[in-house]
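Here is the structure we will look at.
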Amino acid sequence: MARMTFITHDNQKHIVDMQDGISIMEASKPFPFALEGACGGQMGCATCHVIIGQQWYDKLPAPSEQEEAMLDVAFGITETSRLGCQVRVDPLLEGMVVRLPEALNFDAAVVANASQADD
Amino acid sequence: MVDTDVLIVGAGPVGLFAIFQCGMLNLRTHVVDSLPSVGGQCMALYPEKPIFDIPAFPRIDGASLINNLLAQAQPFGPVFHLGQVVQTVTPCSEGGFKIATSTGNKITARSILIAGGAGAYVPNRPPLENIRLYEGQGIHYSVTTKDDFRGQHVIVVGGGDSALDWAITLSEIATTVTLVHRRPGFTAAPATVTKLKELVKANRMTLKAPGHVTAVHGDKNMTHVTISGPSGAEQLSASRLLFFLGSVASLGPIANWGLELEGARICVDPVTQQSSSSGIFAIGDVAVYPNKLKLILCGFSEAAMAAHAIHKFINPNTVLVHRHSTSIGVPTSSLVPSN
């Protein structure tokens, strides 16, 4: 269990206890700020894009090349952006602050990226 | 003459199983999908990943699941229209619908069954304010006429093979080429990256990485773009802007059909799977109702329920005597036409 603060783009704060050992995308599901995760955690979309507070970002294992490639084609990316499906809840992340970017796509649709991410 | 009883939109696992379920009720099917081959996300995203929650398959990978579903659907002679999206749907006065696809295909159908999953794959469009103003006239997602870039100030966005290949190719004919990418690393082939770096060194191309295009400017024509990076924002002359940011699944034109939606999903009656429009049904991930579970197996069940509801919709005066597949088998040759 780790207590985390999720800040939605309208600046609402949600302080919640997240279940260990699963991704924050999965652990967010019971809450009102649930991350979309359209591809089901396959790094095939960026609908679980989150911005992690710097001090906790530094504690996370580095993103894989596949995660980087997906962040390459997402929007509103920052220096501490991650895919929520790749961030595992761990007691070491106690107190982590996570910002949820505004859903940026005009088409009001989920953003699932085909495997050929750059074609 | 109506082309088909059911037009299925989406050839993912649920759309493919709907062919079978419709076929068992003697309903003929045509299937449209945006991708060039069947299988939807199972094939495009995770063909080799095992799935563990398909009944009777303790473990099956995405590609095998699709191949099995296709084999199960094949006896019913579905007609596939791949690499196109349904653009417009017009109700006919005598019932049924006229459908036009993005490639100019025209199909008439008695009913429509949307099994669109996360949506149709379309180019990933950045959320820039006036981007649509210049789309097709300066802003592009692919290169169709290379010569259109001759003598232009070209901005290419992306870090994959498409972005780098085109940046390199266009540097031969454009006045300036600037490649914008969010980080210094690329996913393009190493030899391509080497070539790019040579061109940058020789001042034949400018590289802005990390960088983001954050605004486009112009009047009738685009003239400039704003590129933001670690050292701030700058405006560059730009008459052509190319985005190579992959494709995204979007509800696309379906969003304009006037169906009741919840976000990007279609609200349906969970008993019949019918949408808010009579004769248009939705199943699988794209359909939503209270307590909906986004599971392939639920999509299969919804396909069966929709097929029965569609049979009733098309033949309101016929009592359907349901017989199990164990009693009637499946056709071995072509399907008997329903009328």
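Chain labels follow the order of the structure tokens: the first chain is A, the next B, and so on; residue numbering restarts at 1 in every chain, and ligands are counted from 1 in their shown order.
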
Show which residues sit within 8 Å of Ile24 (chain A), as a ChimeraX atom specification. Count only C-alpha atoms, and ignore same-chain residues fewer than 4 positions away.
/A:18,28,84-89

Include all heavy atoms and write out the residues we just selected as an mmCIF file, in the first residue's frame.
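Output file out-v4.cif follows:
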```
data_model
loop_
_atom_site.group_PDB
_atom_site.id
_atom_site.type_symbol
_atom_site.label_atom_id
_atom_site.label_comp_id
_atom_site.auth_asym_id
_atom_site.auth_seq_id
_atom_site.Cartn_x
_atom_site.Cartn_y
_atom_site.Cartn_z
ATOM 1 N N MET A 18 -3.129 3.310 -2.667
ATOM 2 C CA MET A 18 -3.070 2.498 -3.883
ATOM 3 C C MET A 18 -2.540 1.111 -3.535
ATOM 4 O O MET A 18 -1.598 0.960 -2.759
ATOM 5 C CB MET A 18 -2.140 3.154 -4.919
ATOM 6 C CG MET A 18 -2.519 4.578 -5.302
ATOM 7 S SD MET A 18 -4.003 4.627 -6.303
ATOM 8 C CE MET A 18 -3.315 4.577 -7.949
ATOM 9 N N SER A 28 -5.804 2.749 -10.187
ATOM 10 C CA SER A 28 -6.645 3.957 -10.201
ATOM 11 C C SER A 28 -8.108 3.642 -10.518
ATOM 12 O O SER A 28 -8.982 4.483 -10.352
ATOM 13 C CB SER A 28 -6.116 4.939 -11.256
ATOM 14 O OG SER A 28 -6.448 4.502 -12.568
ATOM 15 N N GLY A 84 1.122 5.496 -17.089
ATOM 16 C CA GLY A 84 0.666 4.978 -15.795
ATOM 17 C C GLY A 84 0.719 3.460 -15.717
ATOM 18 O O GLY A 84 0.911 2.897 -14.644
ATOM 19 N N CYS A 85 0.582 2.794 -16.855
ATOM 20 C CA CYS A 85 0.586 1.322 -16.853
ATOM 21 C C CYS A 85 1.971 0.760 -16.577
ATOM 22 O O CYS A 85 2.113 -0.433 -16.329
ATOM 23 C CB CYS A 85 0.049 0.787 -18.184
ATOM 24 S SG CYS A 85 1.124 1.085 -19.601
ATOM 25 N N GLN A 86 3.002 1.613 -16.627
ATOM 26 C CA GLN A 86 4.368 1.144 -16.427
ATOM 27 C C GLN A 86 4.936 1.559 -15.065
ATOM 28 O O GLN A 86 6.098 1.297 -14.770
ATOM 29 C CB GLN A 86 5.271 1.667 -17.559
ATOM 30 C CG GLN A 86 4.831 1.204 -18.939
ATOM 31 C CD GLN A 86 4.738 -0.298 -19.037
ATOM 32 O OE1 GLN A 86 5.678 -1.021 -18.703
ATOM 33 N NE2 GLN A 86 3.584 -0.808 -19.465
ATOM 34 N N VAL A 87 4.109 2.223 -14.268
ATOM 35 C CA VAL A 87 4.553 2.641 -12.931
ATOM 36 C C VAL A 87 3.884 1.735 -11.910
ATOM 37 O O VAL A 87 2.658 1.742 -11.757
ATOM 38 C CB VAL A 87 4.189 4.124 -12.665
ATOM 39 C CG1 VAL A 87 4.593 4.515 -11.250
ATOM 40 C CG2 VAL A 87 4.846 5.030 -13.691
ATOM 41 N N ARG A 88 4.687 0.926 -11.235
ATOM 42 C CA ARG A 88 4.160 -0.061 -10.303
ATOM 43 C C ARG A 88 4.079 0.553 -8.899
ATOM 44 O O ARG A 88 5.028 1.199 -8.448
ATOM 45 C CB ARG A 88 5.119 -1.264 -10.303
ATOM 46 C CG ARG A 88 4.564 -2.524 -9.725
ATOM 47 C CD ARG A 88 5.491 -3.682 -10.067
ATOM 48 N NE ARG A 88 5.175 -4.212 -11.389
ATOM 49 C CZ ARG A 88 4.312 -5.223 -11.591
ATOM 50 N NH1 ARG A 88 3.711 -5.804 -10.572
ATOM 51 N NH2 ARG A 88 4.064 -5.653 -12.804
ATOM 52 N N VAL A 89 2.937 0.333 -8.253
ATOM 53 C CA VAL A 89 2.782 0.856 -6.888
ATOM 54 C C VAL A 89 3.737 0.107 -5.963
ATOM 55 O O VAL A 89 3.826 -1.122 -6.009
ATOM 56 C CB VAL A 89 1.327 0.681 -6.387
ATOM 57 C CG1 VAL A 89 1.193 1.238 -4.976
ATOM 58 C CG2 VAL A 89 0.346 1.358 -7.337
#
```

Going by DSSP on the backbone, which residues of region 67-149 of chain B come out as alpha helix (DSSP H)? List them as a PyMOL selection string.
chain B and resi 67-73+131-134

Tell me which protein, DNA and RNA residues are within 12 Å of region 6-11 of chain A, counting only C-alpha atoms, leaving out same-chain ones fewer than 4 positions away, and put them as an NGL selection string.
:A and (15-18 or 24-25 or 27-28 or 31-35 or 50-53 or 76 or 84 or 95-104)

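We find CA of Met70 (chain A) and CA of His224 (chain B) to be spaced 27.2 Å apart.
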
Specify as a list in words all residues of chain B found within 6 Å of chain A, counting only C-alpha atoms.
Ala44, Leu45, Pro127, Gly160, Ser162, Leu245, Gly246, Ser247, Val248, Ala249, Ser250, Leu251 and Ala264 of chain B

Save the residues we just selected, N, CA and C atoms, as a compact mmCIF listing (two decimals), in the first residue's frame?
```
# COMPACT_ATOMS: atom_id res chain seq x y z
N ALA B 44 -3.03 -5.95 -34.39
CA ALA B 44 -2.20 -4.76 -34.56
C ALA B 44 -1.35 -4.49 -33.33
N LEU B 45 -1.86 -4.83 -32.15
CA LEU B 45 -1.16 -4.46 -30.92
C LEU B 45 -0.44 -5.62 -30.24
N PRO B 127 -3.13 18.14 -30.70
CA PRO B 127 -4.21 19.04 -30.26
C PRO B 127 -3.82 20.51 -30.39
N GLY B 160 10.47 8.47 -35.56
CA GLY B 160 10.51 7.12 -36.11
C GLY B 160 11.03 7.12 -37.54
N SER B 162 9.45 6.84 -40.44
CA SER B 162 8.73 7.69 -41.40
C SER B 162 9.21 9.13 -41.31
N LEU B 245 3.24 10.84 -36.24
CA LEU B 245 3.05 10.47 -34.84
C LEU B 245 2.18 9.23 -34.73
N GLY B 246 2.30 8.36 -35.70
CA GLY B 246 1.55 7.10 -35.64
C GLY B 246 0.07 7.30 -35.88
N SER B 247 -0.68 6.27 -35.59
CA SER B 247 -2.12 6.36 -35.80
C SER B 247 -2.82 6.16 -34.46
N VAL B 248 -3.99 6.72 -34.34
CA VAL B 248 -4.76 6.57 -33.11
C VAL B 248 -6.12 5.98 -33.46
N ALA B 249 -6.68 5.30 -32.48
CA ALA B 249 -8.03 4.78 -32.67
C ALA B 249 -9.01 5.86 -32.26
N SER B 250 -9.92 6.15 -33.14
CA SER B 250 -10.89 7.21 -32.88
C SER B 250 -12.24 6.73 -33.35
N LEU B 251 -13.28 7.15 -32.67
CA LEU B 251 -14.63 6.77 -33.09
C LEU B 251 -14.88 7.28 -34.51
N ALA B 264 -16.54 8.23 -25.75
CA ALA B 264 -16.37 7.76 -27.11
C ALA B 264 -17.01 6.38 -27.30
```

Write out as an MDAnalysis selection string the set of residues from region 48-99 of chain B that DSSP, computed on the backbone, places in strand (DSSP E or B).
chainID B and resid 50:51 54 57 60:61 79:82 86:91 97:99

Mind dumping the selected residues with C-alpha atoms as a short mmCIF file (atom, residue, chain, number, x, y, z; two decimals), in the first residue's frame?
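Printed below is out-v1.cif as written:
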```cif
data_model
loop_
_atom_site.label_atom_id
_atom_site.label_comp_id
_atom_site.auth_asym_id
_atom_site.auth_seq_id
_atom_site.Cartn_x
_atom_site.Cartn_y
_atom_site.Cartn_z
CA PRO B 50 -1.03 -14.73 -24.66
CA ILE B 51 -4.64 -14.15 -23.61
CA ILE B 54 -11.05 -16.93 -23.46
CA PHE B 57 -8.51 -21.77 -24.18
CA ILE B 60 -4.06 -18.40 -26.68
CA ASP B 61 -2.14 -15.64 -28.42
CA VAL B 79 -17.62 -10.00 -47.60
CA PHE B 80 -14.73 -7.92 -46.24
CA HIS B 81 -14.10 -4.27 -47.12
CA LEU B 82 -10.73 -3.53 -45.52
CA VAL B 86 -17.70 3.95 -42.92
CA GLN B 87 -18.13 7.61 -43.68
CA THR B 88 -21.86 8.20 -43.98
CA VAL B 89 -24.97 6.26 -43.09
CA THR B 90 -28.29 7.29 -44.61
CA PRO B 91 -31.54 5.61 -43.60
CA PHE B 97 -29.37 1.95 -44.65
CA LYS B 98 -27.17 3.24 -47.45
CA ILE B 99 -23.54 3.23 -46.36
#
```

Give me, as a PyMOL selection string, all polymer residues having an atom no more than 12 Å from Thr206 (chain B), counting only C-alpha atoms and skipping those fewer than 2 positions away in the same chain.
chain B and resi 153-157+167-168+171+175-181+196-204+208-209+211+236
